[in-house]
Amino acid sequence: MAEDAPRRQPTLAEVAELAGVSRSVASRALNDAPHVSRAKREAVARAVRQLGYVPNPTARALATRHTGAAALVVSGEDPSIFADPFFAQVIVGASTALEEADLHLMLCLAASDRGRKRVEELFRSKGADGVMLMALREDDPLAGVAEEAEMPVVFGGRPVGSAPRWYVDVDNVGGAREATEYLVSRGRTRVAAICGRLDTEAGRARYRGYRDALLAAGLDPLPPQEGDFTEPSGAAAMAGLLAHHPDVDGVFAANDNMAAGALRTLRAAGRAVPADIAVVGFDDLTVAQVADPPLTTVHQPITALGREMARMLVTVINGHDPTPLILPTRLVTRSSA
């Protein structure tokens, strides 16, 4: 009598089909990875028992490997963005927290097609243990890539129109409201806003805070003068304000770089600050301290933003599910208002 043929071992694909999940979900459940619901874990466990599936040790080792690195991805094209004082402080905070967790920091730019493809490949290949994603604009395709990623992703600031599972942000609305309320308290009645990009959540939220404060005071908000968070854009926006609203007596700029540009334009136009026009910024970067005159501004804890993003990412990598975090802001008064 012929011997019975050896019984074929069930495959991971068969486990996934029986459990009613994708192969990647089945793999993550078997490797006790995060991002898998309890119901799906139990379904995979039942399928494993029913089929008698035994994981391949080599495949399991590959699935559970760690790269020892975390990536900070910024949706920008110019590498010099990492030298911007804002991002430089974020990097300091993030790298400090990652060093405590024995993780290296990778920096990636992703606004051009080429940059996005590199980041998409990072997600697909799991070239990092997790990603911190910053500076997304409205309809940025990276938001969708992040949602589909099979790796932890923490957002620095919320994307426009959505609230991801894990993010760290600052109180943009509250900070802008406090800045505008301060201008009103100093007797300013024609207060304008130089906004950041309105296709970013920070740009929109800071304009919303400005608008809320003026409406609460019974004053009319002016249409936003949009900049791109750079000094030249602040200078151009201030020139536009002087041309269209020459009676403006107060300006809230959505970051210190644009506020510095506004001060430059006002000097060139012969407008005294704060006697003619008071100016308030946002960030409390070094430029605020060395501006002429020194800039009243909203302090946001930028280094802490980077640090808390990295700490949250490490927590997710370790299999936990932290809640989103909003960091407080505070007004720092100097000579410009």
# chains A, B, ... in the order shown; residues from 1 in each chain; ligands from 1
call {"tool": "closest_atom_pairs", "arguments": {"of": "segment 88-140 of chain A", "to": "segment 165-171 of chain A", "cutoff": "10 Å", "atoms": "only C-alpha atoms", "output": "tab-separated table"}}
result
residue	atom	partner	partner_atom	distance
A:Met132	CA	A:Tyr167	CA	9.0
A:Leu133	CA	A:Tyr167	CA	9.2
A:Met134	CA	A:Tyr167	CA	9.9
call {"tool": "closest_atom_pairs", "arguments": {"of": "segment 111-194 of chain A", "to": "segment 285-300 of chain A", "cutoff": "12 Å", "atoms": "only C-alpha atoms", "output": "JSON lines"}}
result
{"residue": "A:Asp169", "atom": "CA", "partner": "A:Gln300", "partner_atom": "CA", "distance": 10.0}
{"residue": "A:Val170", "atom": "CA", "partner": "A:Gln300", "partner_atom": "CA", "distance": 6.9}
{"residue": "A:Asp171", "atom": "CA", "partner": "A:Gln300", "partner_atom": "CA", "distance": 8.3}
{"residue": "A:Asn172", "atom": "CA", "partner": "A:Gln300", "partner_atom": "CA", "distance": 8.8}
{"residue": "A:Val173", "atom": "CA", "partner": "A:Val298", "partner_atom": "CA", "distance": 11.2}
{"residue": "A:Gly174", "atom": "CA", "partner": "A:Val298", "partner_atom": "CA", "distance": 9.9}
{"residue": "A:Gly175", "atom": "CA", "partner": "A:Val298", "partner_atom": "CA", "distance": 6.1}
{"residue": "A:Ala176", "atom": "CA", "partner": "A:Val298", "partner_atom": "CA", "distance": 7.5}
{"residue": "A:Arg177", "atom": "CA", "partner": "A:Val298", "partner_atom": "CA", "distance": 10.0}
{"residue": "A:Glu178", "atom": "CA", "partner": "A:Val298", "partner_atom": "CA", "distance": 8.2}
{"residue": "A:Ala179", "atom": "CA", "partner": "A:Val298", "partner_atom": "CA", "distance": 6.7}
{"residue": "A:Thr180", "atom": "CA", "partner": "A:Val298", "partner_atom": "CA", "distance": 10.3}
{"residue": "A:Glu181", "atom": "CA", "partner": "A:Val298", "partner_atom": "CA", "distance": 11.9}
{"residue": "A:Tyr182", "atom": "CA", "partner": "A:Thr296", "partner_atom": "CA", "distance": 9.9}
{"residue": "A:Leu183", "atom": "CA", "partner": "A:Thr296", "partner_atom": "CA", "distance": 10.1}
call {"tool": "write_last_selection", "arguments": {"atoms": "C-alpha atoms", "output": "compact mmCIF listing (two decimals), in the first residue's frame"}}
result
# COMPACT_ATOMS: atom_id res chain seq x y z
CA ASP A 169 -0.51 70.21 17.94
CA VAL A 170 -0.45 73.61 19.63
CA ASP A 171 -3.41 75.79 20.57
CA ASN A 172 -3.36 77.83 17.37
CA VAL A 173 -6.83 79.28 17.79
CA GLY A 174 -6.30 80.24 21.43
CA GLY A 175 -2.89 81.79 20.79
CA ALA A 176 -4.16 83.90 17.89
CA ARG A 177 -7.18 84.95 19.91
CA GLU A 178 -4.98 86.09 22.82
CA ALA A 179 -2.71 88.04 20.47
CA THR A 180 -5.65 89.85 18.89
CA GLU A 181 -7.32 90.52 22.23
CA TYR A 182 -4.07 92.14 23.38
CA LEU A 183 -4.06 94.47 20.38
call {"tool": "closest_residue", "arguments": {"among": "A:Ala275, A:Ser125, A:Thr265, A:Ala310", "to": "Arg188 of chain A", "atoms": "only C-alpha atoms"}}
result
A:Ala275
call {"tool": "select_by_dssp", "arguments": {"residues": "segment 78-319 of chain A", "states": "helix (DSSP H, G or I)", "output": "PyMOL selection string"}}
result
chain A and resi 79-83+85-100+113-125+141-148+172-185+201-216+231-244+256-268+286-290+302-317
call {"tool": "write_last_selection", "arguments": {"atoms": "C-alpha atoms", "output": "CSV table (one decimal), in the first residue's frame"}}
result
chain,number,residue,atom,x,y,z
A,79,PRO,CA,16.3,71.2,2.1
A,80,SER,CA,17.1,74.5,3.7
A,81,ILE,CA,13.7,74.2,5.4
A,82,PHE,CA,15.4,72.1,8.1
A,83,ALA,CA,17.6,75.2,8.9
A,85,PRO,CA,14.5,78.1,13.3
A,86,PHE,CA,11.1,76.5,13.7
A,87,PHE,CA,12.0,73.1,12.2
A,88,ALA,CA,15.4,73.2,13.8
A,89,GLN,CA,13.8,73.4,17.2
A,90,VAL,CA,11.4,70.5,16.2
A,91,ILE,CA,14.4,68.4,15.2
A,92,VAL,CA,16.2,69.1,18.5
A,93,GLY,CA,13.1,68.0,20.5
A,94,ALA,CA,12.5,64.9,18.4
A,95,SER,CA,16.1,63.7,18.3
A,96,THR,CA,16.4,64.1,22.1
A,97,ALA,CA,13.3,61.9,22.7
A,98,LEU,CA,14.3,59.3,20.1
A,99,GLU,CA,17.8,59.1,21.5
A,100,GLU,CA,16.3,58.1,24.9
A,113,ASP,CA,6.8,64.0,-7.1
A,114,ARG,CA,10.2,62.6,-6.6
A,115,GLY,CA,10.2,63.3,-2.9
A,116,ARG,CA,6.7,61.9,-2.4
A,117,LYS,CA,7.7,58.7,-4.2
A,118,ARG,CA,10.7,58.3,-1.8
A,119,VAL,CA,8.4,58.7,1.1
A,120,GLU,CA,5.8,56.3,-0.3
A,121,GLU,CA,8.6,53.7,-0.8
A,122,LEU,CA,9.7,54.3,2.9
A,123,PHE,CA,6.1,53.4,3.9
A,124,ARG,CA,5.9,50.4,1.6
A,125,SER,CA,9.3,49.0,2.6
A,141,PRO,CA,-1.5,63.0,-1.1
A,142,LEU,CA,0.8,62.0,1.8
A,143,ALA,CA,-2.2,62.1,4.1
A,144,GLY,CA,-3.8,59.3,2.2
A,145,VAL,CA,-0.5,57.4,2.1
A,146,ALA,CA,-0.2,57.7,5.8
A,147,GLU,CA,-3.7,56.4,6.4
A,148,GLU,CA,-2.9,53.2,4.4
A,172,ASN,CA,-3.4,77.8,17.4
A,173,VAL,CA,-6.8,79.3,17.8
A,174,GLY,CA,-6.3,80.2,21.4
A,175,GLY,CA,-2.9,81.8,20.8
A,176,ALA,CA,-4.2,83.9,17.9
A,177,ARG,CA,-7.2,85.0,19.9
A,178,GLU,CA,-5.0,86.1,22.8
A,179,ALA,CA,-2.7,88.0,20.5
A,180,THR,CA,-5.7,89.9,18.9
A,181,GLU,CA,-7.3,90.5,22.2
A,182,TYR,CA,-4.1,92.1,23.4
A,183,LEU,CA,-4.1,94.5,20.4
A,184,VAL,CA,-7.7,95.4,21.1
A,185,SER,CA,-6.8,96.0,24.8
A,201,GLU,CA,-4.6,73.9,9.4
A,202,ALA,CA,-2.3,76.3,11.3
A,203,GLY,CA,-3.0,79.1,8.8
A,204,ARG,CA,-6.7,78.6,9.1
A,205,ALA,CA,-6.8,78.2,12.8
A,206,ARG,CA,-4.8,81.3,13.5
A,207,TYR,CA,-7.0,83.4,11.3
A,208,ARG,CA,-10.0,81.9,13.1
A,209,GLY,CA,-8.6,83.0,16.4
A,210,TYR,CA,-8.0,86.5,15.1
A,211,ARG,CA,-11.5,86.7,13.7
A,212,ASP,CA,-13.2,85.3,16.9
A,213,ALA,CA,-11.4,87.9,19.0
A,214,LEU,CA,-12.5,90.9,16.9
A,215,LEU,CA,-16.1,89.7,16.6
A,216,ALA,CA,-16.3,89.3,20.4
A,231,GLU,CA,9.8,87.1,5.8
A,232,PRO,CA,9.4,88.3,2.2
A,233,SER,CA,5.7,87.2,2.1
A,234,GLY,CA,5.1,89.1,5.3
A,235,ALA,CA,6.7,92.2,3.8
A,236,ALA,CA,4.5,91.9,0.6
A,237,ALA,CA,1.3,91.3,2.7
A,238,MET,CA,2.0,94.4,4.8
A,239,ALA,CA,2.5,96.5,1.6
A,240,GLY,CA,-0.9,95.2,0.4
A,241,LEU,CA,-2.5,96.2,3.7
A,242,LEU,CA,-1.1,99.7,3.6
A,243,ALA,CA,-2.3,100.1,0.0
A,244,HIS,CA,-5.9,98.9,0.6
A,256,ASP,CA,7.4,85.7,13.5
A,257,ASN,CA,9.0,85.6,10.1
A,258,MET,CA,6.1,87.3,8.5
A,259,ALA,CA,5.9,89.8,11.4
A,260,ALA,CA,9.6,90.7,10.7
A,261,GLY,CA,8.7,91.3,7.1
A,262,ALA,CA,5.8,93.5,8.1
A,263,LEU,CA,8.2,95.5,10.3
A,264,ARG,CA,10.5,96.0,7.4
A,265,THR,CA,7.7,97.3,5.2
A,266,LEU,CA,6.4,99.6,7.9
A,267,ARG,CA,9.9,101.1,8.4
A,268,ALA,CA,10.3,101.7,4.7
A,286,THR,CA,15.0,84.3,18.0
A,287,VAL,CA,14.0,86.8,15.2
A,288,ALA,CA,11.3,88.1,17.6
A,289,GLN,CA,13.9,89.1,20.2
A,290,VAL,CA,16.3,90.8,17.7
A,302,ILE,CA,8.3,74.2,19.5
A,303,THR,CA,11.0,72.0,21.0
A,304,ALA,CA,8.3,70.3,23.1
A,305,LEU,CA,6.3,69.8,20.0
A,306,GLY,CA,9.1,67.8,18.5
A,307,ARG,CA,9.8,65.9,21.7
A,308,GLU,CA,6.1,65.0,22.3
A,309,MET,CA,5.7,63.8,18.7
A,310,ALA,CA,8.7,61.5,19.1
A,311,ARG,CA,7.5,60.3,22.5
A,312,MET,CA,4.0,59.6,21.1
A,313,LEU,CA,5.6,57.7,18.2
A,314,VAL,CA,7.7,55.6,20.5
A,315,THR,CA,4.6,54.8,22.5
A,316,VAL,CA,2.7,53.6,19.4
A,317,ILE,CA,5.7,51.6,18.2
call {"tool": "select_by_dssp", "arguments": {"residues": "segment 123-231 of chain A", "states": "strand (DSSP E or B)", "output": "list in words"}}
result
Gly130, Val131, Met132, Leu133, Met134, Val153, Val154, Phe155, Gly156, Tyr167, Val168, Asp169, Val170, Val191, Ala192, Ala193, Ile194, Cys195, Gln225 and Glu226 of chain A
call {"tool": "atom_distance", "arguments": {"atom1": "atom CA of Asp228 of chain A", "atom2": "atom CA of Ala253 of chain A"}}
result
11.1 Å
call {"tool": "closest_atom_pairs", "arguments": {"of": "segment 83-159 of chain A", "to": "segment 70-76 of chain A", "cutoff": "8 Å", "atoms": "only C-alpha atoms", "output": "JSON lines"}}
result
{"residue": "A:Leu98", "atom": "CA", "partner": "A:Ala70", "partner_atom": "CA", "distance": 7.8}
{"residue": "A:Leu103", "atom": "CA", "partner": "A:Ala70", "partner_atom": "CA", "distance": 6.4}
{"residue": "A:His104", "atom": "CA", "partner": "A:Ala70", "partner_atom": "CA", "distance": 6.1}
{"residue": "A:Leu105", "atom": "CA", "partner": "A:Ala70", "partner_atom": "CA", "distance": 5.2}
{"residue": "A:Met106", "atom": "CA", "partner": "A:Ala71", "partner_atom": "CA", "distance": 4.4}
{"residue": "A:Leu107", "atom": "CA", "partner": "A:Leu72", "partner_atom": "CA", "distance": 5.0}
{"residue": "A:Cys108", "atom": "CA", "partner": "A:Val73", "partner_atom": "CA", "distance": 4.7}
{"residue": "A:Leu109", "atom": "CA", "partner": "A:Val74", "partner_atom": "CA", "distance": 5.1}
{"residue": "A:Ala110", "atom": "CA", "partner": "A:Ser75", "partner_atom": "CA", "distance": 4.6}
{"residue": "A:Ala111", "atom": "CA", "partner": "A:Gly76", "partner_atom": "CA", "distance": 4.7}
{"residue": "A:Ser112", "atom": "CA", "partner": "A:Gly76", "partner_atom": "CA", "distance": 7.7}
{"residue": "A:Val119", "atom": "CA", "partner": "A:Val73", "partner_atom": "CA", "distance": 7.8}
{"residue": "A:Ala128", "atom": "CA", "partner": "A:Ala70", "partner_atom": "CA", "distance": 5.2}
{"residue": "A:Asp129", "atom": "CA", "partner": "A:Ala70", "partner_atom": "CA", "distance": 5.6}
{"residue": "A:Gly130", "atom": "CA", "partner": "A:Ala70", "partner_atom": "CA", "distance": 5.1}
{"residue": "A:Val131", "atom": "CA", "partner": "A:Ala71", "partner_atom": "CA", "distance": 4.7}
{"residue": "A:Met132", "atom": "CA", "partner": "A:Leu72", "partner_atom": "CA", "distance": 4.7}
{"residue": "A:Leu133", "atom": "CA", "partner": "A:Val73", "partner_atom": "CA", "distance": 4.9}
{"residue": "A:Met134", "atom": "CA", "partner": "A:Val74", "partner_atom": "CA", "distance": 4.9}
{"residue": "A:Ala135", "atom": "CA", "partner": "A:Ser75", "partner_atom": "CA", "distance": 5.5}
{"residue": "A:Leu136", "atom": "CA", "partner": "A:Ser75", "partner_atom": "CA", "distance": 5.7}
{"residue": "A:Arg137", "atom": "CA", "partner": "A:Ser75", "partner_atom": "CA", "distance": 7.9}
call {"tool": "write_last_selection", "arguments": {"atoms": "C-alpha atoms", "output": "PDB file, in the first residue's frame"}}
result
ATOM      1  CA  LEU A  98      14.343  59.334  20.071  1.00  0.00           C
ATOM      2  CA  LEU A 103      16.163  55.268  17.750  1.00  0.00           C
ATOM      3  CA  HIS A 104      17.947  57.231  15.027  1.00  0.00           C
ATOM      4  CA  LEU A 105      16.261  60.206  13.340  1.00  0.00           C
ATOM      5  CA  MET A 106      15.848  60.268   9.548  1.00  0.00           C
ATOM      6  CA  LEU A 107      14.889  63.520   7.751  1.00  0.00           C
ATOM      7  CA  CYS A 108      12.808  63.411   4.563  1.00  0.00           C
ATOM      8  CA  LEU A 109      11.350  66.080   2.259  1.00  0.00           C
ATOM      9  CA  ALA A 110       8.204  65.262   0.299  1.00  0.00           C
ATOM     10  CA  ALA A 111       6.544  67.959  -1.787  1.00  0.00           C
ATOM     11  CA  SER A 112       7.872  67.199  -5.279  1.00  0.00           C
ATOM     12  CA  VAL A 119       8.409  58.671   1.143  1.00  0.00           C
ATOM     13  CA  ALA A 128      11.602  53.035   9.515  1.00  0.00           C
ATOM     14  CA  ASP A 129       9.890  51.870  12.679  1.00  0.00           C
ATOM     15  CA  GLY A 130       7.549  54.875  12.498  1.00  0.00           C
ATOM     16  CA  VAL A 131       7.027  58.279  10.901  1.00  0.00           C
ATOM     17  CA  MET A 132       6.375  61.817  12.149  1.00  0.00           C
ATOM     18  CA  LEU A 133       4.592  63.771   9.422  1.00  0.00           C
ATOM     19  CA  MET A 134       4.565  67.600   9.362  1.00  0.00           C
ATOM     20  CA  ALA A 135       3.498  70.649   7.339  1.00  0.00           C
ATOM     21  CA  LEU A 136       0.793  68.958   5.271  1.00  0.00           C
ATOM     22  CA  ARG A 137      -1.338  71.156   3.029  1.00  0.00           C
TER      23      ARG A 137
END
call {"tool": "atom_distance", "arguments": {"atom1": "atom CA of Pro159 of chain A", "atom2": "atom CA of Thr323 of chain A"}}
result
16.4 Å
call {"tool": "atom_distance", "arguments": {"atom1": "atom CA of Ala217 of chain A", "atom2": "atom CA of Ser335 of chain A"}}
result
23.4 Å
call {"tool": "decode", "arguments": {"residues": "segment 100-145 of chain A", "atoms": "N, CA and C atoms", "output": "PDB file, in the first residue's frame"}}
result
ATOM      1  N   GLU A 100      16.629  58.816  23.620  1.00  0.00           N
ATOM      2  CA  GLU A 100      16.273  58.118  24.853  1.00  0.00           C
ATOM      3  C   GLU A 100      15.705  56.743  24.569  1.00  0.00           C
ATOM      4  N   ALA A 101      15.093  56.574  23.385  1.00  0.00           N
ATOM      5  CA  ALA A 101      14.502  55.286  23.005  1.00  0.00           C
ATOM      6  C   ALA A 101      15.421  54.476  22.101  1.00  0.00           C
ATOM      7  N   ASP A 102      16.679  54.910  21.953  1.00  0.00           N
ATOM      8  CA  ASP A 102      17.653  54.229  21.096  1.00  0.00           C
ATOM      9  C   ASP A 102      17.194  54.134  19.644  1.00  0.00           C
ATOM     10  N   LEU A 103      16.579  55.200  19.144  1.00  0.00           N
ATOM     11  CA  LEU A 103      16.163  55.268  17.750  1.00  0.00           C
ATOM     12  C   LEU A 103      16.893  56.417  17.059  1.00  0.00           C
ATOM     13  N   HIS A 104      17.310  56.182  15.821  1.00  0.00           N
ATOM     14  CA  HIS A 104      17.947  57.231  15.027  1.00  0.00           C
ATOM     15  C   HIS A 104      16.868  58.055  14.327  1.00  0.00           C
ATOM     16  N   LEU A 105      17.190  59.320  14.025  1.00  0.00           N
ATOM     17  CA  LEU A 105      16.261  60.206  13.340  1.00  0.00           C
ATOM     18  C   LEU A 105      16.652  60.329  11.871  1.00  0.00           C
ATOM     19  N   MET A 106      15.681  60.073  10.984  1.00  0.00           N
ATOM     20  CA  MET A 106      15.848  60.268   9.548  1.00  0.00           C
ATOM     21  C   MET A 106      15.040  61.502   9.142  1.00  0.00           C
ATOM     22  N   LEU A 107      15.581  62.335   8.244  1.00  0.00           N
ATOM     23  CA  LEU A 107      14.889  63.520   7.751  1.00  0.00           C
ATOM     24  C   LEU A 107      14.531  63.332   6.280  1.00  0.00           C
ATOM     25  N   CYS A 108      13.273  63.604   5.939  1.00  0.00           N
ATOM     26  CA  CYS A 108      12.808  63.411   4.563  1.00  0.00           C
ATOM     27  C   CYS A 108      11.973  64.611   4.120  1.00  0.00           C
ATOM     28  N   LEU A 109      12.177  65.048   2.877  1.00  0.00           N
ATOM     29  CA  LEU A 109      11.350  66.080   2.259  1.00  0.00           C
ATOM     30  C   LEU A 109      10.412  65.426   1.253  1.00  0.00           C
ATOM     31  N   ALA A 110       9.175  65.923   1.171  1.00  0.00           N
ATOM     32  CA  ALA A 110       8.204  65.262   0.299  1.00  0.00           C
ATOM     33  C   ALA A 110       7.158  66.234  -0.217  1.00  0.00           C
ATOM     34  N   ALA A 111       7.541  67.116  -1.127  1.00  0.00           N
ATOM     35  CA  ALA A 111       6.544  67.959  -1.787  1.00  0.00           C
ATOM     36  C   ALA A 111       6.572  67.719  -3.291  1.00  0.00           C
ATOM     37  N   SER A 112       7.766  67.506  -3.857  1.00  0.00           N
ATOM     38  CA  SER A 112       7.872  67.199  -5.279  1.00  0.00           C
ATOM     39  C   SER A 112       7.432  65.756  -5.519  1.00  0.00           C
ATOM     40  N   ASP A 113       7.157  65.427  -6.778  1.00  0.00           N
ATOM     41  CA  ASP A 113       6.775  64.045  -7.111  1.00  0.00           C
ATOM     42  C   ASP A 113       7.865  63.073  -6.703  1.00  0.00           C
ATOM     43  N   ARG A 114       9.102  63.471  -6.937  1.00  0.00           N
ATOM     44  CA  ARG A 114      10.222  62.594  -6.584  1.00  0.00           C
ATOM     45  C   ARG A 114      10.296  62.382  -5.078  1.00  0.00           C
ATOM     46  N   GLY A 115      10.123  63.468  -4.323  1.00  0.00           N
ATOM     47  CA  GLY A 115      10.168  63.349  -2.870  1.00  0.00           C
ATOM     48  C   GLY A 115       9.047  62.486  -2.333  1.00  0.00           C
ATOM     49  N   ARG A 116       7.831  62.664  -2.882  1.00  0.00           N
ATOM     50  CA  ARG A 116       6.698  61.852  -2.424  1.00  0.00           C
ATOM     51  C   ARG A 116       6.929  60.379  -2.709  1.00  0.00           C
ATOM     52  N   LYS A 117       7.489  60.074  -3.881  1.00  0.00           N
ATOM     53  CA  LYS A 117       7.748  58.673  -4.218  1.00  0.00           C
ATOM     54  C   LYS A 117       8.734  58.051  -3.238  1.00  0.00           C
ATOM     55  N   ARG A 118       9.743  58.830  -2.832  1.00  0.00           N
ATOM     56  CA  ARG A 118      10.698  58.307  -1.848  1.00  0.00           C
ATOM     57  C   ARG A 118      10.005  58.005  -0.526  1.00  0.00           C
ATOM     58  N   VAL A 119       9.107  58.899  -0.121  1.00  0.00           N
ATOM     59  CA  VAL A 119       8.409  58.671   1.143  1.00  0.00           C
ATOM     60  C   VAL A 119       7.428  57.511   1.030  1.00  0.00           C
ATOM     61  N   GLU A 120       6.744  57.403  -0.113  1.00  0.00           N
ATOM     62  CA  GLU A 120       5.842  56.269  -0.314  1.00  0.00           C
ATOM     63  C   GLU A 120       6.621  54.957  -0.254  1.00  0.00           C
ATOM     64  N   GLU A 121       7.811  54.944  -0.821  1.00  0.00           N
ATOM     65  CA  GLU A 121       8.644  53.742  -0.754  1.00  0.00           C
ATOM     66  C   GLU A 121       9.068  53.454   0.678  1.00  0.00           C
ATOM     67  N   LEU A 122       9.329  54.505   1.451  1.00  0.00           N
ATOM     68  CA  LEU A 122       9.656  54.340   2.869  1.00  0.00           C
ATOM     69  C   LEU A 122       8.517  53.632   3.591  1.00  0.00           C
ATOM     70  N   PHE A 123       7.281  54.052   3.310  1.00  0.00           N
ATOM     71  CA  PHE A 123       6.125  53.400   3.923  1.00  0.00           C
ATOM     72  C   PHE A 123       6.003  51.952   3.467  1.00  0.00           C
ATOM     73  N   ARG A 124       6.121  51.732   2.160  1.00  0.00           N
ATOM     74  CA  ARG A 124       5.923  50.372   1.628  1.00  0.00           C
ATOM     75  C   ARG A 124       6.979  49.407   2.148  1.00  0.00           C
ATOM     76  N   SER A 125       8.219  49.865   2.182  1.00  0.00           N
ATOM     77  CA  SER A 125       9.320  48.984   2.580  1.00  0.00           C
ATOM     78  C   SER A 125       9.509  48.907   4.077  1.00  0.00           C
ATOM     79  N   LYS A 126       8.715  49.704   4.807  1.00  0.00           N
ATOM     80  CA  LYS A 126       8.885  49.797   6.257  1.00  0.00           C
ATOM     81  C   LYS A 126      10.343  50.107   6.591  1.00  0.00           C
ATOM     82  N   GLY A 127      10.850  51.128   5.903  1.00  0.00           N
ATOM     83  CA  GLY A 127      12.235  51.528   6.094  1.00  0.00           C
ATOM     84  C   GLY A 127      12.497  52.276   7.383  1.00  0.00           C
ATOM     85  N   ALA A 128      11.464  52.442   8.186  1.00  0.00           N
ATOM     86  CA  ALA A 128      11.602  53.035   9.515  1.00  0.00           C
ATOM     87  C   ALA A 128      10.596  52.358  10.430  1.00  0.00           C
ATOM     88  N   ASP A 129      10.829  52.459  11.727  1.00  0.00           N
ATOM     89  CA  ASP A 129       9.890  51.870  12.679  1.00  0.00           C
ATOM     90  C   ASP A 129       8.634  52.722  12.828  1.00  0.00           C
ATOM     91  N   GLY A 130       8.698  53.987  12.435  1.00  0.00           N
ATOM     92  CA  GLY A 130       7.549  54.875  12.498  1.00  0.00           C
ATOM     93  C   GLY A 130       7.891  56.190  11.846  1.00  0.00           C
ATOM     94  N   VAL A 131       6.859  57.015  11.620  1.00  0.00           N
ATOM     95  CA  VAL A 131       7.027  58.279  10.901  1.00  0.00           C
ATOM     96  C   VAL A 131       6.334  59.400  11.654  1.00  0.00           C
ATOM     97  N   MET A 132       6.990  60.559  11.710  1.00  0.00           N
ATOM     98  CA  MET A 132       6.375  61.817  12.149  1.00  0.00           C
ATOM     99  C   MET A 132       6.173  62.666  10.902  1.00  0.00           C
ATOM    100  N   LEU A 133       4.949  63.100  10.666  1.00  0.00           N
ATOM    101  CA  LEU A 133       4.592  63.771   9.422  1.00  0.00           C
ATOM    102  C   LEU A 133       4.165  65.201   9.726  1.00  0.00           C
ATOM    103  N   MET A 134       4.806  66.185   9.052  1.00  0.00           N
ATOM    104  CA  MET A 134       4.565  67.600   9.362  1.00  0.00           C
ATOM    105  C   MET A 134       4.304  68.431   8.113  1.00  0.00           C
ATOM    106  N   ALA A 135       3.662  69.590   8.344  1.00  0.00           N
ATOM    107  CA  ALA A 135       3.498  70.649   7.339  1.00  0.00           C
ATOM    108  C   ALA A 135       2.673  70.204   6.138  1.00  0.00           C
ATOM    109  N   LEU A 136       1.646  69.385   6.372  1.00  0.00           N
ATOM    110  CA  LEU A 136       0.793  68.958   5.271  1.00  0.00           C
ATOM    111  C   LEU A 136      -0.157  70.085   4.860  1.00  0.00           C
ATOM    112  N   ARG A 137      -0.366  70.205   3.570  1.00  0.00           N
ATOM    113  CA  ARG A 137      -1.338  71.156   3.029  1.00  0.00           C
ATOM    114  C   ARG A 137      -2.617  70.404   2.657  1.00  0.00           C
ATOM    115  N   GLU A 138      -3.652  71.168   2.384  1.00  0.00           N
ATOM    116  CA  GLU A 138      -4.928  70.567   2.016  1.00  0.00           C
ATOM    117  C   GLU A 138      -4.759  69.699   0.776  1.00  0.00           C
ATOM    118  N   ASP A 139      -5.388  68.537   0.786  1.00  0.00           N
ATOM    119  CA  ASP A 139      -5.338  67.590  -0.341  1.00  0.00           C
ATOM    120  C   ASP A 139      -3.935  67.048  -0.595  1.00  0.00           C
ATOM    121  N   ASP A 140      -3.055  67.132   0.369  1.00  0.00           N
ATOM    122  CA  ASP A 140      -1.717  66.553   0.216  1.00  0.00           C
ATOM    123  C   ASP A 140      -1.858  65.038   0.117  1.00  0.00           C
ATOM    124  N   PRO A 141      -1.355  64.415  -0.963  1.00  0.00           N
ATOM    125  CA  PRO A 141      -1.506  62.958  -1.107  1.00  0.00           C
ATOM    126  C   PRO A 141      -0.829  62.164  -0.006  1.00  0.00           C
ATOM    127  N   LEU A 142       0.120  62.779   0.701  1.00  0.00           N
ATOM    128  CA  LEU A 142       0.789  62.035   1.778  1.00  0.00           C
ATOM    129  C   LEU A 142      -0.169  61.670   2.903  1.00  0.00           C
ATOM    130  N   ALA A 143      -1.233  62.467   3.084  1.00  0.00           N
ATOM    131  CA  ALA A 143      -2.201  62.138   4.124  1.00  0.00           C
ATOM    132  C   ALA A 143      -2.851  60.795   3.841  1.00  0.00           C
ATOM    133  N   GLY A 144      -3.219  60.557   2.575  1.00  0.00           N
ATOM    134  CA  GLY A 144      -3.805  59.269   2.202  1.00  0.00           C
ATOM    135  C   GLY A 144      -2.810  58.137   2.318  1.00  0.00           C
ATOM    136  N   VAL A 145      -1.555  58.398   1.929  1.00  0.00           N
ATOM    137  CA  VAL A 145      -0.515  57.374   2.058  1.00  0.00           C
ATOM    138  C   VAL A 145      -0.344  56.979   3.519  1.00  0.00           C
TER     139      VAL A 145
END
